[in-house]
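The data block below is input.txt; it holds compact mmCIF, C-alpha atoms and all ligand atoms.
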# COMPACT_ATOMS: atom_id res chain seq x y z
CA MET A 1 -14.60 -27.33 -4.85
CA ALA A 2 -11.20 -28.19 -3.43
CA ALA A 3 -10.91 -30.06 -0.15
CA LYS A 4 -8.60 -29.03 2.68
CA GLN A 5 -5.17 -30.53 2.26
CA ASP A 6 -2.00 -30.88 4.24
CA VAL A 7 0.62 -28.26 3.55
CA ALA A 8 2.68 -29.16 0.53
CA GLU A 9 6.32 -28.70 1.34
CA ASN A 10 8.50 -26.29 -0.55
CA THR A 11 9.96 -28.04 -3.55
CA ASP A 12 12.52 -25.63 -4.89
CA GLY A 13 13.95 -23.71 -1.95
CA GLY A 14 14.17 -26.29 0.75
CA THR A 15 13.68 -23.63 3.42
CA VAL A 16 10.13 -24.38 4.51
CA THR A 17 10.39 -26.90 7.34
CA ALA A 18 7.59 -29.09 8.63
CA GLY A 19 6.81 -27.16 11.78
CA THR A 20 8.42 -23.74 11.71
CA LEU A 21 9.44 -21.09 9.24
CA ARG A 22 11.46 -17.90 9.17
CA ALA A 23 9.59 -14.65 9.73
CA VAL A 24 10.19 -11.02 10.66
CA VAL A 25 8.51 -10.51 14.03
CA HIS A 26 7.98 -7.79 16.60
CA GLU A 27 6.71 -8.57 20.09
CA GLU A 28 6.37 -4.91 21.02
CA TYR A 29 5.62 -1.64 19.21
CA GLY A 30 8.51 0.65 18.31
CA PRO A 31 11.04 1.67 15.64
CA ALA A 32 12.71 -0.72 13.18
CA GLU A 33 14.95 -1.99 16.02
CA VAL A 34 12.01 -3.99 17.43
CA LEU A 35 12.08 -6.21 14.34
CA ARG A 36 13.96 -9.49 14.42
CA LEU A 37 14.16 -12.61 12.34
CA ALA A 38 12.73 -15.63 14.17
CA GLN A 39 11.44 -19.15 13.69
CA VAL A 40 7.66 -19.16 14.11
CA PRO A 41 5.04 -21.91 13.94
CA ARG A 42 3.63 -22.62 10.51
CA PRO A 43 0.29 -20.82 10.08
CA GLN A 44 -2.77 -22.88 9.16
CA PRO A 45 -5.41 -21.66 6.72
CA ALA A 46 -8.89 -21.35 8.26
CA ASP A 47 -12.09 -21.81 6.26
CA GLY A 48 -12.02 -19.60 3.17
CA GLU A 49 -8.27 -19.01 3.47
CA VAL A 50 -5.26 -20.28 1.59
CA LEU A 51 -1.70 -20.83 2.70
CA VAL A 52 0.78 -19.07 0.43
CA GLN A 53 4.47 -19.74 0.10
CA VAL A 54 5.63 -16.14 0.01
CA ARG A 55 8.06 -15.42 -2.83
CA ALA A 56 8.05 -11.68 -2.14
CA ALA A 57 6.28 -9.25 0.18
CA GLY A 58 5.65 -5.56 -0.45
CA LEU A 59 6.67 -2.94 2.10
CA ASP A 60 4.13 -0.18 2.50
CA ARG A 61 3.43 2.55 5.05
CA GLY A 62 0.80 0.37 6.66
CA ALA A 63 3.55 -2.00 7.84
CA TRP A 64 5.27 0.96 9.54
CA HIS A 65 2.01 1.86 11.31
CA VAL A 66 1.61 -1.73 12.54
CA MET A 67 5.27 -1.88 13.64
CA THR A 68 5.12 1.36 15.66
CA GLY A 69 1.53 0.98 16.84
CA GLU A 70 0.99 4.57 15.70
CA PRO A 71 -1.38 6.20 15.54
CA TYR A 72 -2.56 4.63 18.81
CA LEU A 73 -6.08 4.44 17.40
CA GLY A 74 -4.80 1.66 15.14
CA ARG A 75 -4.03 -0.51 18.17
CA LEU A 76 -7.75 -1.21 18.47
CA ALA A 77 -7.17 -3.39 15.41
CA PHE A 78 -3.47 -4.39 15.78
CA GLY A 79 -3.53 -5.20 19.52
CA LEU A 80 -3.83 -2.83 22.48
CA ARG A 81 -0.62 -3.56 24.46
CA ARG A 82 1.35 -5.57 21.94
CA PRO A 83 0.82 -6.79 18.36
CA LYS A 84 -1.81 -9.54 18.15
CA ASN A 85 0.05 -11.04 15.20
CA PRO A 86 3.81 -10.71 15.78
CA VAL A 87 4.63 -11.37 12.11
CA LEU A 88 4.72 -8.15 10.10
CA GLY A 89 3.60 -7.54 6.51
CA MET A 90 0.45 -7.62 4.39
CA GLU A 91 1.25 -7.40 0.68
CA LEU A 92 2.42 -10.64 -0.88
CA ALA A 93 2.99 -12.63 -4.03
CA GLY A 94 3.62 -16.34 -3.99
CA THR A 95 2.41 -19.86 -4.62
CA VAL A 96 -0.63 -21.49 -3.03
CA VAL A 97 0.53 -24.51 -1.00
CA ALA A 98 -2.61 -25.43 0.96
CA LEU A 99 -6.32 -24.66 0.98
CA GLY A 100 -8.72 -24.09 3.85
CA ARG A 101 -12.24 -25.54 3.63
CA GLY A 102 -14.57 -23.85 1.16
CA VAL A 103 -11.88 -22.33 -1.05
CA SER A 104 -13.07 -22.53 -4.64
CA ARG A 105 -11.10 -19.96 -6.65
CA PHE A 106 -7.61 -21.37 -6.16
CA ALA A 107 -5.77 -24.67 -6.27
CA VAL A 108 -2.43 -25.76 -4.86
CA GLY A 109 0.31 -24.51 -7.18
CA ASP A 110 -1.49 -21.34 -8.32
CA GLU A 111 0.62 -18.20 -8.41
CA VAL A 112 -1.25 -15.43 -6.62
CA TYR A 113 -0.85 -11.92 -5.27
CA GLY A 114 -2.81 -9.81 -2.82
CA VAL A 115 -3.00 -9.27 0.90
CA GLY A 116 -2.35 -11.75 3.71
CA ARG A 117 -1.52 -11.86 7.42
CA GLY A 118 2.18 -11.71 8.23
CA SER A 119 3.73 -11.68 4.76
CA PHE A 120 7.33 -10.96 5.89
CA ALA A 121 7.73 -14.70 6.24
CA GLU A 122 8.23 -17.84 4.22
CA LEU A 123 4.52 -18.75 4.53
CA ALA A 124 1.45 -16.59 5.15
CA VAL A 125 -2.31 -17.15 5.20
CA ALA A 126 -4.65 -15.02 3.13
CA LYS A 127 -8.41 -14.87 2.56
CA GLU A 128 -9.21 -16.12 -0.92
CA GLY A 129 -11.28 -12.98 -1.53
CA GLN A 130 -8.19 -10.84 -1.04
CA LEU A 131 -6.12 -12.63 -3.67
CA ALA A 132 -6.03 -12.77 -7.45
CA ARG A 133 -3.91 -14.69 -9.92
CA LYS A 134 -0.52 -13.07 -10.34
CA PRO A 135 -0.21 -11.30 -13.71
CA GLN A 136 1.95 -13.56 -15.85
CA THR A 137 3.98 -10.61 -17.08
CA LEU A 138 5.19 -9.82 -13.55
CA SER A 139 7.85 -11.39 -11.37
CA PHE A 140 6.87 -12.22 -7.78
CA GLU A 141 8.83 -9.17 -6.57
CA GLU A 142 6.97 -6.88 -8.98
CA ALA A 143 3.57 -8.33 -8.13
CA ALA A 144 4.18 -8.06 -4.37
CA VAL A 145 4.48 -4.26 -4.47
CA VAL A 146 1.12 -3.77 -6.20
CA PRO A 147 -1.78 -4.81 -3.91
CA VAL A 148 -2.29 -2.22 -1.14
CA SER A 149 -0.67 0.77 -2.81
CA ALA A 150 -2.19 0.36 -6.26
CA ALA A 151 -5.62 -0.67 -4.97
CA THR A 152 -5.64 2.45 -2.78
CA ALA A 153 -4.72 4.63 -5.76
CA LEU A 154 -7.40 2.96 -7.90
CA GLN A 155 -10.11 3.32 -5.26
CA GLY A 156 -9.15 6.93 -4.53
CA LEU A 157 -9.19 7.93 -8.17
CA VAL A 158 -12.10 5.92 -9.52
CA GLU A 159 -14.60 4.99 -6.78
CA VAL A 160 -14.14 8.01 -4.53
CA GLY A 161 -12.69 10.62 -6.90
CA ARG A 162 -14.80 9.61 -9.95
CA VAL A 163 -12.00 10.65 -12.26
CA ARG A 164 -12.84 11.24 -15.94
CA ALA A 165 -10.71 11.48 -19.07
CA GLY A 166 -9.54 15.02 -19.75
CA GLN A 167 -9.66 16.10 -16.12
CA HIS A 168 -6.66 17.73 -14.53
CA VAL A 169 -5.54 15.68 -11.55
CA LEU A 170 -3.07 16.66 -8.83
CA VAL A 171 -1.29 13.84 -6.99
CA THR A 172 0.68 14.75 -3.85
CA GLY A 173 3.22 12.23 -2.53
CA ALA A 174 3.56 11.20 -6.18
CA SER A 175 6.93 9.49 -5.66
CA GLY A 176 5.65 7.17 -2.91
CA GLY A 177 3.86 3.84 -2.86
CA VAL A 178 0.31 5.05 -3.45
CA GLY A 179 1.34 8.13 -5.47
CA SER A 180 3.47 6.24 -7.97
CA TYR A 181 0.44 4.16 -8.95
CA ALA A 182 -1.95 7.11 -8.79
CA VAL A 183 0.10 8.99 -11.40
CA GLN A 184 0.11 5.99 -13.72
CA ILE A 185 -3.55 5.03 -13.25
CA ALA A 186 -4.77 8.62 -13.71
CA LYS A 187 -2.75 8.83 -16.95
CA ALA A 188 -4.12 5.45 -18.09
CA LEU A 189 -7.64 6.80 -17.54
CA GLY A 190 -6.96 9.82 -19.74
CA ALA A 191 -6.31 12.55 -17.16
CA GLU A 192 -3.71 15.29 -17.34
CA VAL A 193 -1.56 14.66 -14.28
CA THR A 194 0.52 16.92 -12.07
CA GLY A 195 2.64 15.12 -9.48
CA VAL A 196 4.14 16.70 -6.37
CA ALA A 197 7.44 15.29 -5.06
CA GLY A 198 10.65 16.23 -3.29
CA PRO A 199 13.62 17.60 -5.27
CA ALA A 200 15.45 14.26 -5.48
CA LYS A 201 12.48 12.46 -6.97
CA GLN A 202 11.35 14.82 -9.75
CA ASP A 203 12.76 12.64 -12.54
CA TYR A 204 11.25 9.53 -11.02
CA VAL A 205 7.75 11.05 -11.11
CA ARG A 206 8.29 12.35 -14.65
CA GLY A 207 9.30 8.80 -15.60
CA LEU A 208 5.97 7.53 -14.26
CA GLY A 209 4.29 9.62 -16.97
CA ALA A 210 3.26 12.77 -15.08
CA ASP A 211 2.66 15.69 -17.45
CA HIS A 212 3.92 18.20 -14.88
CA VAL A 213 5.97 17.74 -11.71
CA LEU A 214 6.09 20.22 -8.84
CA ASP A 215 8.92 20.38 -6.30
CA ARG A 216 7.17 20.44 -2.93
CA THR A 217 10.06 22.39 -1.36
CA ARG A 218 9.81 25.26 -3.86
CA GLU A 219 6.37 25.20 -5.47
CA ASP A 220 2.94 25.45 -3.91
CA PRO A 221 0.19 23.61 -5.79
CA ALA A 222 -2.34 25.86 -4.03
CA ASP A 223 -0.81 29.15 -5.21
CA GLY A 224 -3.67 29.67 -7.65
CA THR A 225 -1.60 29.13 -10.83
CA ARG A 226 -3.75 26.13 -11.65
CA ARG A 227 -7.03 24.75 -10.34
CA TYR A 228 -7.46 20.98 -10.38
CA ASP A 229 -10.61 18.94 -11.01
CA LEU A 230 -9.35 16.24 -8.67
CA VAL A 231 -6.70 16.31 -5.95
CA LEU A 232 -5.46 13.03 -4.54
CA ASP A 233 -4.10 14.24 -1.19
CA ILE A 234 -1.61 11.54 -0.24
CA ALA A 235 1.17 13.41 1.60
CA GLY A 236 2.00 16.67 3.32
CA ARG A 237 -1.33 17.14 5.11
CA PRO A 238 -2.06 20.64 3.75
CA PRO A 239 -4.70 22.64 5.62
CA LEU A 240 -8.19 22.21 4.17
CA ARG A 241 -8.26 25.83 2.97
CA ALA A 242 -5.08 25.18 0.91
CA LEU A 243 -6.61 22.03 -0.53
CA ARG A 244 -9.71 23.99 -1.53
CA ARG A 245 -7.57 26.73 -3.10
CA ALA A 246 -6.01 24.09 -5.35
CA LEU A 247 -9.44 22.86 -6.46
CA ALA A 248 -11.66 24.02 -9.31
CA PRO A 249 -14.98 25.52 -8.10
CA ARG A 250 -16.67 22.12 -8.37
CA GLY A 251 -13.56 20.00 -7.93
CA THR A 252 -13.04 17.00 -5.65
CA ALA A 253 -10.31 16.41 -3.08
CA VAL A 254 -9.79 12.84 -1.89
CA LEU A 255 -7.91 12.72 1.42
CA VAL A 256 -5.91 9.49 1.31
CA GLY A 257 -3.31 9.97 4.02
CA GLY A 258 -0.23 11.83 5.12
CA GLU A 259 2.19 11.41 8.00
CA GLY A 260 2.78 13.69 10.98
CA GLY A 261 -0.80 13.99 12.12
CA GLY A 262 -0.12 13.12 15.74
CA LYS A 263 0.35 9.91 17.74
CA LEU A 264 -3.20 9.49 18.95
CA THR A 265 -5.36 9.63 15.80
CA GLY A 266 -2.80 10.33 13.06
CA GLY A 267 -4.73 13.49 12.24
CA MET A 268 -7.99 11.73 11.53
CA ASN A 269 -9.82 14.87 12.68
CA ARG A 270 -8.62 16.65 9.50
CA GLN A 271 -10.29 13.96 7.39
CA LEU A 272 -13.49 14.14 9.42
CA ARG A 273 -13.54 17.94 9.24
CA ALA A 274 -13.16 17.67 5.47
CA VAL A 275 -16.17 15.37 5.16
CA LEU A 276 -18.21 17.71 7.35
CA LEU A 277 -17.15 20.80 5.43
CA SER A 278 -18.03 19.08 2.16
CA MET A 279 -21.72 19.24 3.13
CA PHE A 280 -21.63 23.04 3.06
CA VAL A 281 -19.45 23.90 0.04
CA ARG A 282 -19.69 23.31 -3.70
CA GLN A 283 -16.38 21.46 -3.79
CA ARG A 284 -16.41 17.84 -2.71
CA LEU A 285 -14.02 16.67 0.03
CA ALA A 286 -13.93 12.93 0.66
CA MET A 287 -11.94 10.33 2.56
CA PHE A 288 -11.84 6.54 2.54
CA VAL A 289 -10.07 3.55 4.02
CA SER A 290 -9.01 1.12 1.33
CA ILE A 291 -9.77 -2.57 1.56
CA VAL A 292 -8.05 -4.78 -0.98
CA ARG A 293 -10.43 -7.22 -2.64
CA ALA A 294 -10.16 -9.56 -5.62
CA PRO A 295 -12.13 -7.39 -8.12
CA ALA A 296 -9.72 -4.46 -7.60
CA LEU A 297 -6.73 -6.79 -7.96
CA GLU A 298 -8.20 -8.18 -11.18
CA ARG A 299 -8.69 -4.67 -12.56
CA LEU A 300 -5.08 -3.89 -11.63
CA SER A 301 -3.94 -7.08 -13.36
CA GLU A 302 -5.62 -5.86 -16.56
CA LEU A 303 -3.93 -2.46 -16.32
CA VAL A 304 -0.57 -4.12 -15.70
CA GLU A 305 -0.93 -6.76 -18.41
CA SER A 306 -1.94 -4.14 -20.96
CA GLY A 307 1.23 -2.21 -20.13
CA LEU A 308 -0.65 0.87 -18.92
CA VAL A 309 0.64 0.53 -15.35
CA MET A 310 4.06 -0.72 -14.30
CA PRO A 311 4.81 -2.06 -10.84
CA SER A 312 6.64 0.58 -8.77
CA LEU A 313 9.41 -1.81 -7.68
CA THR A 314 12.73 -0.02 -7.16
CA GLY A 315 14.55 -2.40 -4.84
CA THR A 316 14.52 -5.70 -2.95
CA TYR A 317 15.80 -6.70 0.49
CA PRO A 318 16.22 -10.22 1.88
CA LEU A 319 14.08 -11.10 4.90
CA ASP A 320 16.87 -10.46 7.40
CA ARG A 321 17.31 -6.89 6.10
CA ALA A 322 13.65 -5.91 6.63
CA PRO A 323 14.67 -3.43 9.40
CA GLU A 324 16.95 -1.66 6.93
CA ALA A 325 14.16 -1.52 4.34
CA MET A 326 11.89 0.00 6.96
CA ARG A 327 14.52 2.61 7.93
CA ASP A 328 14.98 3.53 4.25
CA LEU A 329 11.22 3.95 3.82
CA VAL A 330 10.90 6.19 6.88
CA ALA A 331 13.94 8.27 5.88
CA GLY A 332 12.38 8.97 2.48
CA ARG A 333 15.09 7.08 0.57
CA VAL A 334 12.63 4.81 -1.25
CA ARG A 335 11.18 5.73 -4.62
CA GLY A 336 7.92 3.90 -5.32
CA LYS A 337 8.05 0.59 -3.50
CA VAL A 338 10.50 -2.06 -2.30
CA ALA A 339 9.97 -5.77 -1.74
CA ILE A 340 11.10 -8.09 1.05
CA VAL A 341 12.20 -11.43 -0.32
CA PRO A 342 12.53 -14.59 1.79
CA GLY A 343 16.01 -15.74 0.91
CA ASP A 344 19.23 -16.78 2.58
CA GLY A 345 19.76 -14.98 5.85
CA GLY A 346 20.76 -16.29 9.22
CA LEU A 347 18.84 -15.98 12.43
N1 LIG A 401 -6.70 5.80 3.06
C1 LIG A 401 -6.13 4.62 2.96
O1 LIG A 401 -6.81 3.61 2.97
C2 LIG A 401 -4.65 4.52 2.82
C3 LIG A 401 -4.07 3.40 2.18
C4 LIG A 401 -2.69 3.36 2.02
C5 LIG A 401 -1.90 4.40 2.51
N2 LIG A 401 -2.49 5.42 3.17
C6 LIG A 401 -1.68 6.52 3.70
O2 LIG A 401 -1.24 7.30 2.60
C7 LIG A 401 0.03 7.88 2.90
C8 LIG A 401 1.01 7.56 1.79
O3 LIG A 401 1.26 6.17 1.79
P1 LIG A 401 2.43 5.58 0.88
O4 LIG A 401 2.42 4.11 1.07
O5 LIG A 401 2.35 6.13 -0.48
O6 LIG A 401 3.71 6.22 1.64
P2 LIG A 401 5.20 6.42 1.10
O7 LIG A 401 5.52 5.35 0.13
O8 LIG A 401 6.04 6.59 2.29
O9 LIG A 401 5.14 7.79 0.28
C9 LIG A 401 4.87 9.00 0.88
C10 LIG A 401 5.47 10.13 0.05
O10 LIG A 401 5.27 11.34 0.75
C11 LIG A 401 6.27 12.26 0.37
N3 LIG A 401 6.54 13.13 1.50
C12 LIG A 401 7.31 12.88 2.58
N4 LIG A 401 7.30 13.92 3.42
C13 LIG A 401 6.50 14.85 2.86
C14 LIG A 401 6.09 16.16 3.24
N5 LIG A 401 6.49 16.72 4.38
N6 LIG A 401 5.26 16.84 2.40
C15 LIG A 401 4.83 16.29 1.26
N7 LIG A 401 5.19 15.05 0.85
C16 LIG A 401 6.01 14.36 1.64
C17 LIG A 401 7.48 11.44 -0.02
O11 LIG A 401 7.94 11.83 -1.28
P3 LIG A 401 8.96 13.04 -1.56
O12 LIG A 401 10.13 12.83 -0.67
O13 LIG A 401 9.27 12.91 -3.01
O14 LIG A 401 8.16 14.25 -1.26
C18 LIG A 401 6.95 10.01 -0.16
O15 LIG A 401 7.23 9.47 -1.43
C19 LIG A 401 0.43 7.34 4.27
O16 LIG A 401 0.10 8.29 5.26
C20 LIG A 401 -0.42 6.10 4.43
O17 LIG A 401 -0.65 5.77 5.77
C21 LIG A 401 -3.83 5.52 3.32

In structure tokens, how does this file's structure come out?
Ligand SMILES: NC(=O)c1ccc[n+]([C@@H]2O[C@H](COP(=O)([O-])OP(=O)(O)OC[C@H]3O[C@@H](n4cnc5c(N)ncnc54)[C@H](OP(=O)(O)O)[C@@H]3O)[C@@H](O)[C@H]2O)c1
Amino acid sequence: MAAKQDVAENTDGGTVTAGTLRAVVHEEYGPAEVLRLAQVPRPQPADGEVLVQVRAAGLDRGAWHVMTGEPYLGRLAFGLRRPKNPVLGMELAGTVVALGRGVSRFAVGDEVYGVGRGSFAELAVAKEGQLARKPQTLSFEEAAVVPVSAATALQGLVEVGRVRAGQHVLVTGASGGVGSYAVQIAKALGAEVTGVAGPAKQDYVRGLGADHVLDRTREDPADGTRRYDLVLDIAGRPPLRALRRALAPRGTAVLVGGEGGGKLTGGMNRQLRAVLLSMFVRQRLAMFVSIVRAPALERLSELVESGLVMPSLTGTYPLDRAPEAMRDLVAGRVRGKVAIVPGDGGL
């Protein structure tokens, strides 16, 4: 078992200083304009945590929710009046530089990926149980865009959706972070996959391996042309009756997310109504909140290393351009995922 050590200083970038580091922070909730690059104190790993020198951080919708404090319900976790942790970001890939007490799975120098606190920074702390060794076949940028999005897709398809080979699976929001992995993982598990995406992203989803791609502006997956064994409902927030119309008589719909559900709860009532309704109908309607843990990351590493799933990386932004990355995500300009990379950028 490794003992707690002092932070090892960065050896090849020279940017990690003894006491402070560069980070993207927000002291209040709001749009991308609340983000700024700042010098913050170096975080210290608590028991069971490691300190990671962040080589790349993934940008996912969750970071937007934390930045805006919307839906307000989320503030119970993020901080009621202002963010408890001003440094944004969760997904990361990097090198372990220090260990908290009791850490047994990692040593200083290990290359890891997973979820941490405040990953849009040069250093971030992470629980050891939320990290895995970075797949050797991936760059840091590629690995950083896997954890939350791909683990959510995996959990939605396998644990909650109980997908089986040969089933016909519909993935909405197929061009986004979660959807881009859901298409690939469902294909890897032997399903026939239909992806739903906007007109500009049809080729992207086809390139992910989808057997069929529907244009959400022209085609309605619930028009009765096809009935799906499993629907991964990631975007668009269709009414429950439309979801059920898209399902086979004993099919399953997994409600993952979808924007535009209102500032207070984000439309959580739709999810809860679905679970309630599921008790009275033959179709199964389910929801879940994903938590990234090491076993899921290790399963994803296998899928990636065997070439069955590719990281959805389509772009990188230096730390000081994180606001621009966020604006591109919200405007729908991102395909798959983008990474934030601590690099040169002034304060
Ligand atoms: N349950 C959980 O634990 C969990 C975990 C992670 C994420 N989520 C939620 O899941 C959702 C997706 O997350 P993400 O990271 O994949 O987001 P994302 O990367 O922003 O992707 C969302 C996709 O939705 C599509 N879209 C946008 N407007 C749409 C509309 N009006 N109708 C249908 N599709 C539309 C966009 O593609 P096109 O432009 O091609 O249509 C976009 O690619 C979010 O609401 C997020 O909060 C939930």

### Task
Could you tell me, counting only C-alpha atoms and all ligand atoms, which protein and nucleic acid residues lie no more than 8 Å from ligand LIG 401 (chain A), written as a ChimeraX atom specification?
/A:60-62,65,148-149,152,172-180,196-202,215-216,234-237,255-259,287-291,329-330,332-337

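Closest approach to Met310 of chain A from the set A:Val54, A:Ala339, A:Val146, A:Ala151 is made by A:Val146, with distances taken over only C-alpha atoms.
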
### Message
Between atom CA of Tyr181 of chain A and atom CA of Arg244 of chain A, what is the distance in Å, rounded to a tenth?
### Response
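Straight-line distance from atom CA of Tyr181 of chain A to atom CA of Arg244 of chain A works out to 23.5 Å.
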
### Task
For Ala188 of chain A, list every protein, DNA or RNA residue within 12 Å, evaluated using only C-alpha atoms, and leave out those in the same chain fewer than 3 positions away; present the list as a list in words.
Leu154, Leu157, Val158, Val163, Arg164, Ala165, Gly166, Tyr181, Ala182, Val183, Gln184, Ile185, Ala191, Glu192, Val193, Leu208, Gly209, Ala210, Leu300, Glu302, Leu303, Val304, Ser306, Gly307, Leu308, Val309 and Met310 of chain A

### Query
Restricting the calculation to all atoms listed in the file, which member of A:Met67, A:Val125, A:Val231, A:Ala144 is positioned closest to Gly315 of chain A?
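Smallest distance to Gly315 of chain A is found for A:Ala144.
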
### Task
For atom CA of Thr68 of chain A and atom CA of Pro83 of chain A, determine how far apart the two atoms are, in Å to one decimal place.
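Those two atoms sit 9.6 Å apart.
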
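With atom CA of Ala222 of chain A on one side and atom CA of Leu247 of chain A on the other, the separation reads 8.1 Å.
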
#### Entry: Given all atoms listed in the file as the counted atoms, nearest of A:Thr265, A:Gln167, A:Gln39, A:Gln53 to Val96 of chain A
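Among A:Thr265, A:Gln167, A:Gln39, A:Gln53, it is A:Gln53 that comes nearest to Val96 of chain A.
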
### Query
What lies within 12 Å of Tyr29 of chain A using only C-alpha atoms, ignoring chain neighbours under 3 positions off, as a list of chain:residue names?
A:Val25, A:His26, A:Ala32, A:Glu33, A:Val34, A:Leu35, A:Ala63, A:Trp64, A:His65, A:Val66, A:Met67, A:Thr68, A:Gly69, A:Glu70, A:Pro71, A:Tyr72, A:Gly74, A:Arg75, A:Phe78, A:Gly79, A:Leu80, A:Arg81, A:Arg82, A:Pro83, A:Lys84, A:Asn85, A:Pro86, A:Leu88

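Residue nearest Ala93 of chain A, chosen from A:Arg133, A:Arg105, A:Arg250, A:Arg36 and counting only C-alpha atoms: A:Arg133.
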
### Task
Counting all atoms listed in the file, write as a ChimeraX atom specification all protein and nucleic acid residues lying at most 9 Å from (-16.0, 9.7, -0.6) in the file's frame.
/A:156,159-161,254-255,275,284-288

### From A:Val171, A:Ala186, A:Ala77, A:Ala56, residue lying nearest Val213 of chain A [all atoms listed in the file]
A:Val171
